[in-house]
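> My structure file data38.cif, mmCIF, C-alpha atoms and all ligand atoms, is below:
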data_target
loop_
_atom_site.label_atom_id
_atom_site.label_comp_id
_atom_site.auth_asym_id
_atom_site.auth_seq_id
_atom_site.Cartn_x
_atom_site.Cartn_y
_atom_site.Cartn_z
CA MET A 172 99.97 149.65 11.10
CA PRO A 173 99.76 148.17 7.59
CA ARG A 174 100.67 150.79 4.97
CA GLU A 175 97.31 150.35 3.20
CA THR A 176 95.35 151.63 6.18
CA ARG A 177 97.48 154.69 6.83
CA GLY A 178 95.97 158.17 6.49
CA GLU A 179 93.06 156.96 4.41
CA ALA A 180 92.47 158.80 1.16
CA LYS A 181 89.51 161.12 1.45
CA ASN A 182 89.02 162.03 -2.22
CA ALA A 183 87.89 159.50 -4.80
CA HIS A 184 90.70 160.46 -7.23
CA ASN A 185 93.47 159.81 -4.69
CA LYS A 186 95.56 156.82 -5.75
CA GLY A 187 97.93 155.58 -3.05
CA PRO A 188 97.64 155.77 0.74
CA GLY A 189 98.30 159.10 2.42
CA PRO A 190 101.48 159.69 4.41
CA GLU A 191 101.54 158.65 8.06
CA HIS A 192 104.36 161.07 8.90
CA VAL A 193 104.83 164.49 7.29
CA ALA A 194 107.86 166.66 8.06
CA ILE A 195 108.01 170.33 7.10
CA ILE A 196 110.85 172.83 6.66
CA MET A 197 108.91 176.05 7.16
CA ASP A 198 110.98 178.45 5.07
CA GLY A 199 110.36 181.93 3.71
CA ASN A 200 109.19 183.92 6.75
CA GLY A 201 111.92 186.52 6.25
CA ARG A 202 111.16 186.96 2.53
CA TRP A 203 107.43 187.23 3.25
CA ALA A 204 108.10 190.09 5.68
CA GLN A 205 110.66 191.77 3.42
CA ALA A 206 108.20 191.78 0.51
CA ARG A 207 105.84 193.80 2.71
CA GLY A 208 108.48 196.14 4.11
CA LEU A 209 108.00 194.58 7.57
CA PRO A 210 110.61 193.46 10.14
CA ARG A 211 111.56 189.76 9.80
CA ILE A 212 109.90 188.94 13.12
CA MET A 213 106.52 189.82 11.58
CA GLY A 214 107.18 187.04 9.07
CA HIS A 215 107.73 184.60 11.93
CA ARG A 216 104.53 185.84 13.59
CA ALA A 217 102.61 185.22 10.36
CA GLY A 218 104.41 181.85 10.17
CA LEU A 219 102.81 180.89 13.48
CA GLU A 220 99.36 181.38 11.93
CA ALA A 221 100.43 178.98 9.19
CA VAL A 222 101.51 176.52 11.91
CA ARG A 223 98.02 176.72 13.47
CA ARG A 224 96.33 176.18 10.08
CA THR A 225 98.62 173.29 9.20
CA ILE A 226 98.08 171.46 12.49
CA ARG A 227 94.31 171.75 12.09
CA ALA A 228 94.53 170.51 8.49
CA ALA A 229 96.84 167.64 9.50
CA VAL A 230 94.33 166.48 12.13
CA GLU A 231 91.53 166.67 9.54
CA GLN A 232 93.59 164.71 7.01
CA GLY A 233 94.26 161.92 9.52
CA ILE A 234 98.04 162.42 9.53
CA LYS A 235 99.52 160.64 12.55
CA TYR A 236 102.88 162.44 12.83
CA LEU A 237 103.77 166.01 11.90
CA THR A 238 107.33 167.22 12.47
CA LEU A 239 108.00 170.95 12.14
CA PHE A 240 111.47 172.50 11.96
CA ALA A 241 111.10 175.53 14.24
CA PHE A 242 114.69 176.40 15.18
CA SER A 243 117.93 174.76 14.09
CA THR A 244 121.24 174.59 15.91
CA GLU A 245 122.51 176.89 13.11
CA ASN A 246 119.79 179.52 13.67
CA TRP A 247 121.76 180.93 16.65
CA ARG A 248 123.87 182.69 13.99
CA ARG A 249 120.98 185.07 13.27
CA PRO A 250 120.89 188.56 14.81
CA ARG A 251 120.27 188.43 18.55
CA LEU A 252 117.04 190.40 18.27
CA GLU A 253 115.59 187.95 15.75
CA VAL A 254 116.56 184.94 17.92
CA GLU A 255 115.04 186.52 21.03
CA GLY A 256 111.94 187.49 19.09
CA LEU A 257 111.53 183.94 17.78
CA PHE A 258 111.83 182.42 21.26
CA THR A 259 109.33 184.94 22.66
CA LEU A 260 106.89 184.00 19.88
CA LEU A 261 107.42 180.29 20.50
CA LYS A 262 106.81 180.74 24.22
CA GLU A 263 103.63 182.75 23.58
CA TYR A 264 102.41 180.19 21.08
CA VAL A 265 103.09 177.13 23.25
CA GLU A 266 101.56 178.68 26.37
CA LYS A 267 98.50 180.02 24.57
CA GLU A 268 97.90 177.00 22.37
CA THR A 269 98.53 174.05 24.71
CA ALA A 270 94.91 173.69 25.84
CA GLU A 271 93.63 173.94 22.25
CA LEU A 272 96.16 171.34 21.08
CA ALA A 273 95.13 168.99 23.90
CA SER A 274 91.45 169.41 22.93
CA GLN A 275 92.27 168.52 19.30
CA GLY A 276 93.97 165.30 20.50
CA VAL A 277 97.43 166.57 19.58
CA ARG A 278 100.38 165.17 21.49
CA VAL A 279 103.35 167.54 21.45
CA ARG A 280 106.99 166.51 21.73
CA PHE A 281 110.05 168.69 21.30
CA LEU A 282 113.04 167.27 19.42
CA GLY A 283 116.48 168.77 19.94
CA GLU A 284 119.12 169.64 22.51
CA ARG A 285 116.93 171.14 25.20
CA ASN A 286 119.61 171.23 27.92
CA ASP A 287 121.29 174.12 26.05
CA LEU A 288 118.12 176.23 26.20
CA PRO A 289 117.27 178.64 29.02
CA ALA A 290 115.52 177.08 32.03
CA TRP A 291 112.29 179.00 31.32
CA ALA A 292 112.12 177.56 27.80
CA GLN A 293 112.69 174.02 29.11
CA ALA A 294 109.92 174.51 31.65
CA VAL A 295 107.47 175.73 28.97
CA MET A 296 108.32 172.72 26.79
CA GLU A 297 107.88 170.24 29.65
CA ARG A 298 104.54 171.72 30.67
CA CYS A 299 103.25 171.45 27.11
CA GLU A 300 104.48 167.85 26.70
CA LYS A 301 102.83 166.84 29.98
CA ALA A 302 99.54 168.62 29.26
CA THR A 303 99.20 166.99 25.83
CA ALA A 304 100.61 163.54 26.70
CA SER A 305 97.29 161.74 26.25
CA GLY A 306 96.63 163.12 22.73
CA ASN A 307 96.10 160.29 20.26
CA HIS A 308 95.06 161.90 16.97
CA LEU A 309 98.20 163.68 15.87
CA ASN A 310 101.75 163.45 17.21
CA LEU A 311 103.24 166.91 16.74
CA ASN A 312 107.02 167.09 16.92
CA ILE A 313 108.52 170.54 17.18
CA ALA A 314 112.22 170.50 16.30
CA LEU A 315 113.79 173.20 18.43
CA ASN A 316 117.54 173.71 18.82
CA TYR A 317 117.67 170.71 16.52
CA GLY A 318 120.43 169.60 14.15
CA GLY A 319 120.47 166.29 12.27
CA ARG A 320 124.20 165.64 12.61
CA ALA A 321 124.17 166.55 16.32
CA GLU A 322 121.29 164.08 16.79
CA ILE A 323 123.30 161.26 15.19
CA VAL A 324 126.43 162.19 17.20
CA ARG A 325 124.32 162.14 20.38
CA ALA A 326 122.99 158.67 19.50
CA ALA A 327 126.56 157.45 18.85
CA GLN A 328 127.63 158.77 22.26
CA LEU A 329 124.70 157.09 24.02
CA LEU A 330 125.57 153.79 22.32
CA ALA A 331 129.28 154.18 23.15
CA LYS A 332 128.41 154.72 26.81
CA LYS A 333 126.36 151.51 26.81
CA VAL A 334 129.24 149.60 25.20
CA ALA A 335 131.72 151.06 27.73
CA ALA A 336 129.39 149.95 30.55
CA GLN A 337 129.20 146.49 28.88
CA ALA A 338 125.43 146.87 28.56
CA LEU A 339 125.75 146.46 24.78
CA GLN A 340 128.11 144.58 22.44
CA PRO A 341 129.60 146.58 19.50
CA GLU A 342 128.08 144.07 17.05
CA ASP A 343 124.63 144.78 18.53
CA ILE A 344 124.80 148.32 17.11
CA THR A 345 122.46 148.00 14.15
CA ALA A 346 120.46 150.60 12.22
CA THR A 347 117.45 149.72 14.39
CA GLU A 348 119.48 150.15 17.58
CA LEU A 349 120.87 153.48 16.42
CA ALA A 350 117.39 154.73 15.43
CA ALA A 351 116.19 153.81 18.92
CA HIS A 352 118.63 156.40 20.31
CA LEU A 353 117.44 159.28 18.13
CA TYR A 354 114.91 161.87 19.36
CA THR A 355 112.35 160.15 17.12
CA SER A 356 112.77 156.77 18.83
CA GLY A 357 109.64 154.64 18.35
CA MET A 358 108.21 156.84 15.57
CA PRO A 359 107.98 155.94 11.89
CA ASP A 360 110.32 157.80 9.52
CA PRO A 361 108.70 160.68 7.59
CA ASP A 362 106.94 159.53 4.40
CA LEU A 363 106.85 163.06 3.00
CA LEU A 364 109.08 166.11 3.49
CA ILE A 365 107.60 169.46 2.47
CA ARG A 366 109.86 172.47 2.06
CA THR A 367 108.32 175.85 1.39
CA SER A 368 109.77 178.84 -0.49
CA GLY A 369 111.58 176.87 -3.16
CA GLU A 370 114.99 176.09 -1.64
CA LEU A 371 116.35 172.67 -2.61
CA ARG A 372 118.25 171.53 0.49
CA LEU A 373 117.78 169.56 3.70
CA SER A 374 119.39 172.12 6.03
CA ASN A 375 120.56 169.47 8.52
CA PHE A 376 116.96 168.31 9.20
CA LEU A 377 116.26 164.66 10.16
CA LEU A 378 119.29 163.42 8.18
CA TRP A 379 118.92 159.79 9.32
CA GLN A 380 115.12 159.64 9.17
CA LEU A 381 114.77 161.13 5.67
CA ALA A 382 116.71 158.29 3.95
CA TYR A 383 113.69 157.12 1.88
CA THR A 384 111.36 160.10 2.32
CA GLU A 385 109.57 161.60 -0.68
CA LEU A 386 110.50 165.26 -1.17
CA TYR A 387 108.03 168.00 -2.11
CA VAL A 388 109.14 171.58 -2.62
CA THR A 389 106.67 174.41 -3.13
CA GLN A 390 107.36 178.05 -4.03
CA VAL A 391 104.73 179.16 -1.48
CA LEU A 392 106.33 181.12 1.37
CA TRP A 393 105.60 179.56 4.76
CA PRO A 394 103.33 182.38 6.09
CA ASP A 395 101.10 181.88 3.00
CA PHE A 396 100.88 178.06 3.42
CA THR A 397 97.29 176.86 3.87
CA GLY A 398 95.37 173.62 4.36
CA SER A 399 94.82 173.58 0.62
CA ASP A 400 98.61 173.68 0.01
CA LEU A 401 98.92 170.73 2.38
CA SER A 402 96.23 168.87 0.40
CA THR A 403 98.13 169.58 -2.85
CA ALA A 404 101.31 168.14 -1.33
CA LEU A 405 99.45 165.06 -0.07
CA ALA A 406 97.89 164.52 -3.51
CA ALA A 407 101.36 164.71 -5.12
CA TYR A 408 102.64 162.19 -2.55
CA ARG A 409 99.84 159.73 -3.33
CA LYS A 410 100.92 159.66 -6.96
CA ARG A 411 104.49 158.71 -6.05
CA GLU A 412 105.67 155.15 -6.28
CA ARG A 413 107.82 154.31 -3.29
CA ARG A 414 110.48 151.70 -3.95
CA TYR A 415 112.78 151.89 -0.89
CA GLY A 416 115.77 151.05 -3.12
CA GLY A 417 113.92 148.19 -4.83
CA ILE A 418 112.54 148.14 -8.37
CA ALA A 419 109.18 149.22 -9.78
CA ASN A 420 106.24 147.05 -8.75
CA LYS A 421 105.02 145.66 -12.06
CA GLY A 422 102.37 143.44 -10.46
C1 LIG B 1 112.57 180.07 8.16
O1 LIG B 1 112.28 181.29 7.53
C2 LIG B 1 111.85 179.96 9.41
C3 LIG B 1 112.42 179.89 10.64
C4 LIG B 1 113.88 179.90 10.87
C5 LIG B 1 111.59 179.82 11.84
C6 LIG B 1 110.33 179.06 11.67
C7 LIG B 1 109.53 179.19 12.87
C8 LIG B 1 108.21 179.45 12.91
C9 LIG B 1 107.30 179.58 11.75
C10 LIG B 1 107.59 179.47 14.23
C11 LIG B 1 107.41 178.02 14.56
C12 LIG B 1 106.63 177.79 15.70
C13 LIG B 1 106.19 176.59 16.13
C14 LIG B 1 105.44 176.53 17.39
C15 LIG B 1 106.41 175.32 15.42
P1 LIG B 1 113.47 182.29 7.24
O2 LIG B 1 113.53 183.29 8.33
O3 LIG B 1 114.73 181.51 7.02
O4 LIG B 1 112.96 182.93 5.91
P2 LIG B 1 113.86 183.48 4.71
O5 LIG B 1 114.59 182.29 4.14
O6 LIG B 1 112.86 184.04 3.77
O7 LIG B 1 114.78 184.51 5.29
#
Can you turn what I pasted into structure tokens?


Amino acid sequence: MPRETRGEAKNAHNKGPGPEHVAIIMDGNGRWAQARGLPRIMGHRAGLEAVRRTIRAAVEQGIKYLTLFAFSTENWRRPRLEVEGLFTLLKEYVEKETAELASQGVRVRFLGERNDLPAWAQAVMERCEKATASGNHLNLNIALNYGGRAEIVRAAQLLAKKVAAQALQPEDITATELAAHLYTSGMPDPDLLIRTSGELRLSNFLLWQLAYTELYVTQVLWPDFTGSDLSTALAAYRKRERRYGGIANKG
């Protein structure tokens, strides 16, 4: 799709085109709960409400791809109760929300190492992917048991296997070929990365895909994130000049 037609600007004062692909590091659930004297899991529960709001807003804004970082390969280091609580919440959310997502035209895909997850979790994920497969408004990627370095290592292994089987020549391994072996194969790279709660790091998220992505960090804690915060981020993005390593467009 030509860049000019992507995510058409809805407000008259918007300058550039909107992003086609938005990725979000949903941070601050724990702090949100702590500030209220609640257990951390209540922050994650409130975070799920923010996920619902954000998906609805993304559909309304005409975003084509939304990638949410739900659980990283490093999150296993958290207390067992928090990890179990998070997975229970995710299961509840996916099972309860699948029909609604399908009716909104949302196609769900899970990114990450799913073979390491319990069989019940894999089954829930597969059911959701199948039930939403015909959605064509918004592609929702949920990164679960996901790590950026592990994703690149996995792609390297897949390519090495093809070379060993003489299905591929070493010199055919290009950036395009490597990208085709990532979980995001066939999708555009994110145009905009939003991180909530003020931290300034990538946390092993989409390391390959974020090479030229515009970064937007807000102090808002994830459970407080609303459609209006998404609009603010999109407006900031539209003011950016993207150069992809080139020089400013003086024309
Ligand atoms: C970071 O906050 C958040 C997480 C590790 C989990 C995010 C998951 C959800 C909001 C549920 C997602 C569900 C779906 C279906 C996409 P934190 O606990 O690191 O917060 P802190 O930095 O304040 O401690």

> Mind dumping a table of every chain A residue within 8 Å of ligand LIG 1 (chain B), with the nearest atom pair and its distance in Å to one decimal, using all atoms listed in the file, sorted by chain and rising number, as a tab-separated table?


residue	atom	partner	partner_atom	distance
A:Ile196	CA	B:LIG1	C1	7.6
A:Met197	CA	B:LIG1	C2	5.4
A:Asp198	CA	B:LIG1	C1	3.8
A:Gly199	CA	B:LIG1	O6	3.3
A:Asn200	CA	B:LIG1	O4	4.0
A:Gly201	CA	B:LIG1	O7	3.6
A:Arg202	CA	B:LIG1	O6	3.6
A:Trp203	CA	B:LIG1	O6	6.3
A:Ala204	CA	B:LIG1	O6	7.9
A:Arg211	CA	B:LIG1	O2	6.9
A:Gly214	CA	B:LIG1	O2	7.4
A:His215	CA	B:LIG1	C9	5.0
A:Arg216	CA	B:LIG1	C9	7.1
A:Ala217	CA	B:LIG1	C9	7.5
A:Gly218	CA	B:LIG1	C9	4.0
A:Leu219	CA	B:LIG1	C9	5.0
A:Ala221	CA	B:LIG1	C9	7.4
A:Val222	CA	B:LIG1	C15	6.1
A:Leu239	CA	B:LIG1	C15	5.7
A:Phe240	CA	B:LIG1	C6	6.7
A:Ala241	CA	B:LIG1	C7	4.2
A:Phe242	CA	B:LIG1	C4	5.6
A:Ser243	CA	B:LIG1	C4	7.3
A:Asn246	CA	B:LIG1	C4	6.6
A:Leu257	CA	B:LIG1	C10	6.9
A:Leu260	CA	B:LIG1	C10	7.3
A:Leu261	CA	B:LIG1	C14	5.3
A:Tyr264	CA	B:LIG1	C14	6.0
A:Val265	CA	B:LIG1	C14	6.3
A:Ile313	CA	B:LIG1	C15	5.5
A:Ala314	CA	B:LIG1	C15	7.6
A:Ser368	CA	B:LIG1	O6	7.4
A:Leu392	CA	B:LIG1	O6	7.5
A:Trp393	CA	B:LIG1	C9	7.2
A:Pro394	CA	B:LIG1	C9	7.5

> Please provide the set of residues having any atom within 8 Å of stretch 283-293 of chain A, restricted to all atoms listed in the file, with same-chain residues fewer than 5 positions apart removed, written as number ranges by chain.

A: 262, 314-318, 322, 354

> Give the answer as one residue: which of A:Gly398, A:Gly208, A:Gly369, A:Gly416 has the shortest atom-to-atom distance to A:Ala382, using only C-alpha atoms?

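The shortest atom-to-atom distance to A:Ala382 comes from A:Gly416.
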
> Show me the residues around (100.4, 172.4, 12.2) - criterion: an atom at most 10 Å away, all atoms listed in the file counted - as an mmCIF file with C-alpha atoms, keeping the file's coordinate frame.


data_model
loop_
_atom_site.group_PDB
_atom_site.id
_atom_site.type_symbol
_atom_site.label_atom_id
_atom_site.label_comp_id
_atom_site.auth_asym_id
_atom_site.auth_seq_id
_atom_site.Cartn_x
_atom_site.Cartn_y
_atom_site.Cartn_z
ATOM 1 C CA ILE A 195 108.010 170.330 7.100
ATOM 2 C CA LEU A 219 102.810 180.890 13.480
ATOM 3 C CA GLU A 220 99.360 181.380 11.930
ATOM 4 C CA ALA A 221 100.430 178.980 9.190
ATOM 5 C CA VAL A 222 101.510 176.520 11.910
ATOM 6 C CA ARG A 223 98.020 176.720 13.470
ATOM 7 C CA ARG A 224 96.330 176.180 10.080
ATOM 8 C CA THR A 225 98.620 173.290 9.200
ATOM 9 C CA ILE A 226 98.080 171.460 12.490
ATOM 10 C CA ARG A 227 94.310 171.750 12.090
ATOM 11 C CA ALA A 228 94.530 170.510 8.490
ATOM 12 C CA ALA A 229 96.840 167.640 9.500
ATOM 13 C CA VAL A 230 94.330 166.480 12.130
ATOM 14 C CA LEU A 237 103.770 166.010 11.900
ATOM 15 C CA THR A 238 107.330 167.220 12.470
ATOM 16 C CA LEU A 239 108.000 170.950 12.140
ATOM 17 C CA LEU A 272 96.160 171.340 21.080
ATOM 18 C CA VAL A 277 97.430 166.570 19.580
ATOM 19 C CA LEU A 309 98.200 163.680 15.870
ATOM 20 C CA LEU A 311 103.240 166.910 16.740
ATOM 21 C CA ASN A 312 107.020 167.090 16.920
ATOM 22 C CA ILE A 313 108.520 170.540 17.180
ATOM 23 C CA THR A 397 97.290 176.860 3.870
ATOM 24 C CA GLY A 398 95.370 173.620 4.360
#

> Which neighbours of A:Lys301 fall inside 10 Å, counting only C-alpha atoms, when residues of the same chain fewer than 6 positions from it are skipped, and could you give them as a VMD selection string?

chain A and resid 269 278 to 280

> What is the distance, in Å and to one decimal place, between atom CA of A:Ala273 and atom CA of A:Val295?

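A separation of 14.9 Å between them.
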
> Which neighbours of A:Ser274 fall inside 9 Å, counting all atoms listed in the file, when residues of the same chain fewer than 4 positions from it are skipped, and could you give them as a PyMOL selection string?

chain A and resi 269-270+303+306

> How many Å lie between atom CA of A:His308 and atom CA of A:Ile234, rounded to one decimal?

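These two atoms are separated by 8.0 Å.
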
> Mind giving me the straight-line distance from atom CA of A:Arg325 to atom CA of A:Arg248 in Å, one decimal?

21.5 Å

> Enumerate, as a PyMOL selection string, the protein, DNA and RNA residues whose atoms approach (106.0, 162.2, 1.5) to within 10 Å, taking into account all atoms listed in the file and the coordinate frame of the file.

chain A and resi 189-194+361-365+381+383-387+404-409+411+413

> Give me, as a compact mmCIF listing (two decimals) with C-alpha atoms, in the frame of the given file, all polymer residues having an atom no more than 9 Å from A:Leu353, counting all atoms listed in the file and skipping those fewer than 3 positions away in the same chain.


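Contents of out-v9.txt, freshly written:
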# COMPACT_ATOMS: atom_id res chain seq x y z
CA GLU A 322 121.29 164.08 16.79
CA ILE A 323 123.30 161.26 15.19
CA ARG A 325 124.32 162.14 20.38
CA ALA A 326 122.99 158.67 19.50
CA LEU A 349 120.87 153.48 16.42
CA ALA A 350 117.39 154.73 15.43
CA SER A 356 112.77 156.77 18.83
CA TRP A 379 118.92 159.79 9.32

> From the list A:Gln275, A:Leu330, A:Gly233, A:Leu282, which residue is nearest A:Ser305 when using only C-alpha atoms?

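Looking at the shortest contact to A:Ser305, the residue is A:Gln275.
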
> Any chance you could work out the axis-aligned box around stretch 297-302 of chain A, listed atoms only, 5 Å on each side, giving centre and edge lengths in Å to one decimal, as lines of an AutoDock Vina configuration file?


center_x = 103.7
center_y = 169.3
center_z = 28.7
size_x = 18.3
size_y = 14.9
size_z = 14.0

> Determine the nearest neighbour of A:Lys410 from the options A:Glu231, A:Ala336, A:Leu329, A:Gly187, counting all atoms listed in the file.

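Among A:Glu231, A:Ala336, A:Leu329, A:Gly187, it is A:Gly187 that comes nearest to A:Lys410.
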
> Return the single residue from A:Glu271, A:Leu378, A:Glu300, A:Asp343 that is closest to A:Ala331, with distances computed using only C-alpha atoms.

A:Asp343

> Given the choices A:Gly417, A:Pro188, A:Gly319, A:Gly256, which gets closest to A:Thr244 if the distance is worked out from all atoms listed in the file?

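Comparing A:Gly417, A:Pro188, A:Gly319, A:Gly256 against A:Thr244, the winner is A:Gly319.
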